[in-house]
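Step one of this worksheet: look at the structure below.
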Amino acid sequence: MGQHFLTNPYTLNKIIDCIAPQKKELIIEIGAGKGSLTRLLAEKAGRVIALEKDASLIPYLEKNKPSNLEIRQEDVLETDFSSLAKQEKTKLAGNLPFSISSQILFKLLEEHDMTRECHFMLQKEVAERVCASPGSKKYAPLSILLQNIFSAKIRFLLSPGSFTPPPKVRSAFITLKKRTAPLYPFMNTDGFKSFIKQAFSQRRKKLKNSLKPMGFAPEQMKESFRKCGLDPNIRAEKVSIDDFACLYLNLTEA
């Protein structure tokens with residue numbers, strides 16, 4: 001399955017410090033692998049549910065399994081997180097498989113009610129996209145949609161040598177902490193997601209040109225840009241979350 005297992009003890013303890021598991025918490029670990037992080041989590045958390053798709057890795061997780069650890073062999077993309085979390089204080093954690101990390105993050109957007117914190121190891125490029133600010137070339141729809149619900153921060157970077165086998169890319173550990181309420185609740189709707197995807201569909205174009213396929217009248221577009229204080233020649237990567245919210249509301253409610 002092309003997994004890269006985290007083996008550096010110093011890094012594992014650094015991750016535990018970031019997650020800060022508590023005895024009253026449930027930790028759901030995504031991609032438990034051979035269990036190097038899993039066992040450390042189980043020592044400190046009230047309960048741990050370890051998700052691992054690869055059947056060949058389950059024996060590693062089962063060996064000397066503590067009583068507060070539940071192991072589930074299943075595909076994280078098919079997991080119903082809300083049924084696992086129920087009413088417990090829940091954190092998500094894990095070394096996300098590079099090949100499906102973006103899919104997992106988009107799944108998190110749909111099921112964010114079940115957790116208050118996420119702590120993930122990601123490919124550095126994906127981590128930078130999640131945490132990107134306006135003006136960055138990494139700034140993208142995923143940045144906006146996740147930051148609408150969570151505050152996002154890269155905690156530290158990792159070299160390939162921290163893993164076995166070493167990956168060809170650098171990794172980063174990030175923390176997502178859920179806001180008391182989304183900045184803009186409508187940003188989780190299909191309408192806004194389509195809007196923001198279209199806005200970034202051709203990054204080199206001016207935003208107003210990227211949005212043309214959505215059928216907004218030229219005068220409506222011009223007036224909406226004016227109301228939001230946006231330069232008519234601005235590109236999507238320069239537009240803040242607040243300004244995207246303003247523009248969307250003005251264009252769709254006009």
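Labels for the structure tokens follow display order: chains A, B, ..., residues from 1 in each chain, ligands from 1.
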- Skip Asn68 (chain A) itself and residues of its chain fewer than 2 positions away, then list as a PyMOL selection string all residues within 7 Å of it, counting only C-alpha atoms. chain A and resi 42+46-48+66+70
Go ahead and dump the residues you just picked, C-alpha atoms, as an mmCIF file, in the first residue's frame.
```cif
data_model
loop_
_atom_site.group_PDB
_atom_site.id
_atom_site.type_symbol
_atom_site.label_atom_id
_atom_site.label_comp_id
_atom_site.auth_asym_id
_atom_site.auth_seq_id
_atom_site.Cartn_x
_atom_site.Cartn_y
_atom_site.Cartn_z
ATOM 1 C CA ALA A 42 -3.395 4.505 24.419
ATOM 2 C CA GLY A 46 -9.201 7.319 27.804
ATOM 3 C CA ARG A 47 -9.933 5.315 24.682
ATOM 4 C CA VAL A 48 -8.336 4.867 21.247
ATOM 5 C CA PRO A 66 -4.113 -2.557 25.829
ATOM 6 C CA GLU A 70 -10.121 -0.860 19.688
#
```
Please build the interface table for region 89-161 of chain A against region 17-26 of chain A with a cut-off of 12 Å, listing for each qualifying residue the nearest atom pair and the distance in Å to one decimal; count only C-alpha atoms, order rows by chain and increasing number, and write it as CSV.
```
residue,atom,partner,partner_atom,distance
A:Lys89,CA,A:Glu25,CA,5.0
A:Thr90,CA,A:Leu26,CA,4.8
A:Lys91,CA,A:Leu26,CA,6.4
A:Leu92,CA,A:Leu26,CA,8.6
A:Ala93,CA,A:Ile19,CA,7.8
A:Gly94,CA,A:Ile19,CA,10.3
A:Met114,CA,A:Leu26,CA,11.0
A:Thr115,CA,A:Leu26,CA,9.7
A:Arg116,CA,A:Glu25,CA,10.8
A:Glu117,CA,A:Ile19,CA,8.6
A:Cys118,CA,A:Ile19,CA,8.2
A:His119,CA,A:Ile19,CA,6.4
A:Phe120,CA,A:Ile19,CA,9.5
A:Met121,CA,A:Cys18,CA,11.6
A:Lys153,CA,A:Cys18,CA,11.3
A:Ile154,CA,A:Cys18,CA,10.9
A:Arg155,CA,A:Cys18,CA,8.0
A:Phe156,CA,A:Cys18,CA,10.0
```
Selection above as a file: C-alpha atoms, as a short mmCIF file (atom, residue, chain, number, x, y, z; two decimals), in the first residue's frame:
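Once written, again29.cif looks like this:
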```
data_model
loop_
_atom_site.label_atom_id
_atom_site.label_comp_id
_atom_site.auth_asym_id
_atom_site.auth_seq_id
_atom_site.Cartn_x
_atom_site.Cartn_y
_atom_site.Cartn_z
CA LYS A 89 -14.79 14.33 23.58
CA THR A 90 -13.02 13.30 20.40
CA LYS A 91 -9.79 14.13 18.63
CA LEU A 92 -8.68 12.82 15.26
CA ALA A 93 -5.03 11.99 14.69
CA GLY A 94 -2.88 10.14 12.23
CA MET A 114 -17.82 14.83 15.58
CA THR A 115 -14.46 16.34 16.54
CA ARG A 116 -12.99 19.42 18.17
CA GLU A 117 -9.36 18.90 17.18
CA CYS A 118 -7.40 17.15 14.44
CA HIS A 119 -3.69 16.40 14.44
CA PHE A 120 -2.36 15.10 11.14
CA MET A 121 0.90 14.22 9.46
CA LYS A 153 -1.36 25.66 12.03
CA ILE A 154 1.76 23.81 10.90
CA ARG A 155 3.47 22.66 14.10
CA PHE A 156 6.71 21.31 12.66
#
```
Shell around Ser36 (chain A) at 10 Å using only C-alpha atoms, local window under 2 positions removed, as a short mmCIF file (atom, residue, chain, number, x, y, z; two decimals) with C-alpha atoms, in the first residue's frame:
```
data_model
loop_
_atom_site.label_atom_id
_atom_site.label_comp_id
_atom_site.auth_asym_id
_atom_site.auth_seq_id
_atom_site.Cartn_x
_atom_site.Cartn_y
_atom_site.Cartn_z
CA PHE A 5 5.87 4.30 8.97
CA LEU A 6 6.94 6.89 11.50
CA THR A 7 9.77 5.37 13.54
CA ASN A 8 11.68 8.27 15.09
CA PRO A 9 11.06 8.17 18.91
CA LEU A 12 6.64 10.40 18.08
CA ALA A 32 -2.46 3.22 12.53
CA GLY A 33 0.14 1.24 10.57
CA LYS A 34 2.29 -0.88 12.91
CA THR A 38 -1.13 4.04 18.65
CA ARG A 39 0.49 2.63 21.79
CA LEU A 40 1.65 6.03 22.97
CA LEU A 41 -1.86 7.41 22.48
CA TYR A 60 1.19 -5.66 14.72
CA LEU A 61 -1.65 -3.68 16.29
#
```
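Using only C-alpha atoms for every distance, the candidate list A:His4, A:Arg226, A:Lys197, A:Lys208 yields A:His4 as the residue closest to Asn95 (chain A).
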- Could you pull out the strand (DSSP E or B) residues of region 74-186 of chain A from DSSP and send them as a PyMOL selection string? chain A and resi 89-95+117-123+150-158+163-164+171-178
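Note that CA of Ile174 (chain A) and CA of Asp243 (chain A) are 25.5 Å apart.
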- Item | Residue list (alpha helix (DSSP H), DSSP) for region 85-246 of chain A, as a PyMOL selection string | chain A and resi 85+101-110+124-131+141-149+190-199+207-210+218-227+241-246
Would you give me, as CSV, each residue of region 137-204 of chain A having an atom within 12 Å of an atom of region 103-112 of chain A, along with its shortest atom pair and that distance in Å to one decimal, using only C-alpha atoms and sorting by chain and residue number?
```
residue,atom,partner,partner_atom,distance
A:Pro141,CA,A:Phe106,CA,10.5
A:Leu142,CA,A:Phe106,CA,7.8
A:Ser143,CA,A:Leu105,CA,10.6
A:Ile144,CA,A:Leu109,CA,11.2
A:Leu145,CA,A:Leu109,CA,7.6
A:Leu146,CA,A:Leu109,CA,6.8
A:Gln147,CA,A:Leu109,CA,10.2
A:Asn148,CA,A:Leu109,CA,9.8
A:Ile149,CA,A:Leu109,CA,8.1
A:Phe150,CA,A:His112,CA,9.3
A:Leu176,CA,A:Leu105,CA,10.8
A:Lys177,CA,A:His112,CA,10.7
A:Lys178,CA,A:His112,CA,8.3
A:Arg179,CA,A:His112,CA,10.7
A:Ala181,CA,A:His112,CA,11.3
A:Pro182,CA,A:His112,CA,10.6
A:Pro185,CA,A:Leu109,CA,11.9
A:Met187,CA,A:Leu109,CA,10.4
A:Asn188,CA,A:Leu109,CA,7.6
A:Thr189,CA,A:Glu110,CA,9.9
A:Asp190,CA,A:Glu110,CA,11.0
A:Lys193,CA,A:Phe106,CA,11.1
```
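Those residues that approach Ala217 (chain A) to within 12 Å, counting only C-alpha atoms, are Lys208, Asn209, Leu211, Glu223, Ser224, Leu251, Thr252 and Ala254 of chain A; same-chain residues fewer than 6 positions away are not listed.
In terms of minimum interatomic distance to Leu37 (chain A), A:Ile16 ranks closest within A:Ile16, A:Cys228, A:Leu158, A:Cys246, counting only C-alpha atoms.
Nearest residue to Ile71 (chain A), choosing from A:Leu51, A:Ile27, A:Met221, A:Ala85 and counting only C-alpha atoms: A:Leu51.
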What lies within 8 Å of Lys238 (chain A) using only C-alpha atoms, ignoring chain neighbours under 4 positions off, as a PDB file with C-alpha atoms, in the first residue's frame?
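The new file result-v3.pdb reads:
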```pdb
ATOM      1  CA  PRO A 134      -4.369  34.898   0.684  1.00  0.00           C
ATOM      2  CA  GLY A 135      -1.505  35.825  -1.614  1.00  0.00           C
ATOM      3  CA  SER A 136       0.181  32.445  -1.338  1.00  0.00           C
ATOM      4  CA  ILE A 234      -7.861  40.733  -8.755  1.00  0.00           C
TER       5      ILE A 234
END
```
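Shortest separation to Val169 (chain A) among A:Glu74, A:Glu125, A:Asp242, A:Glu52 occurs at residue A:Glu125, atoms counted being only C-alpha atoms.
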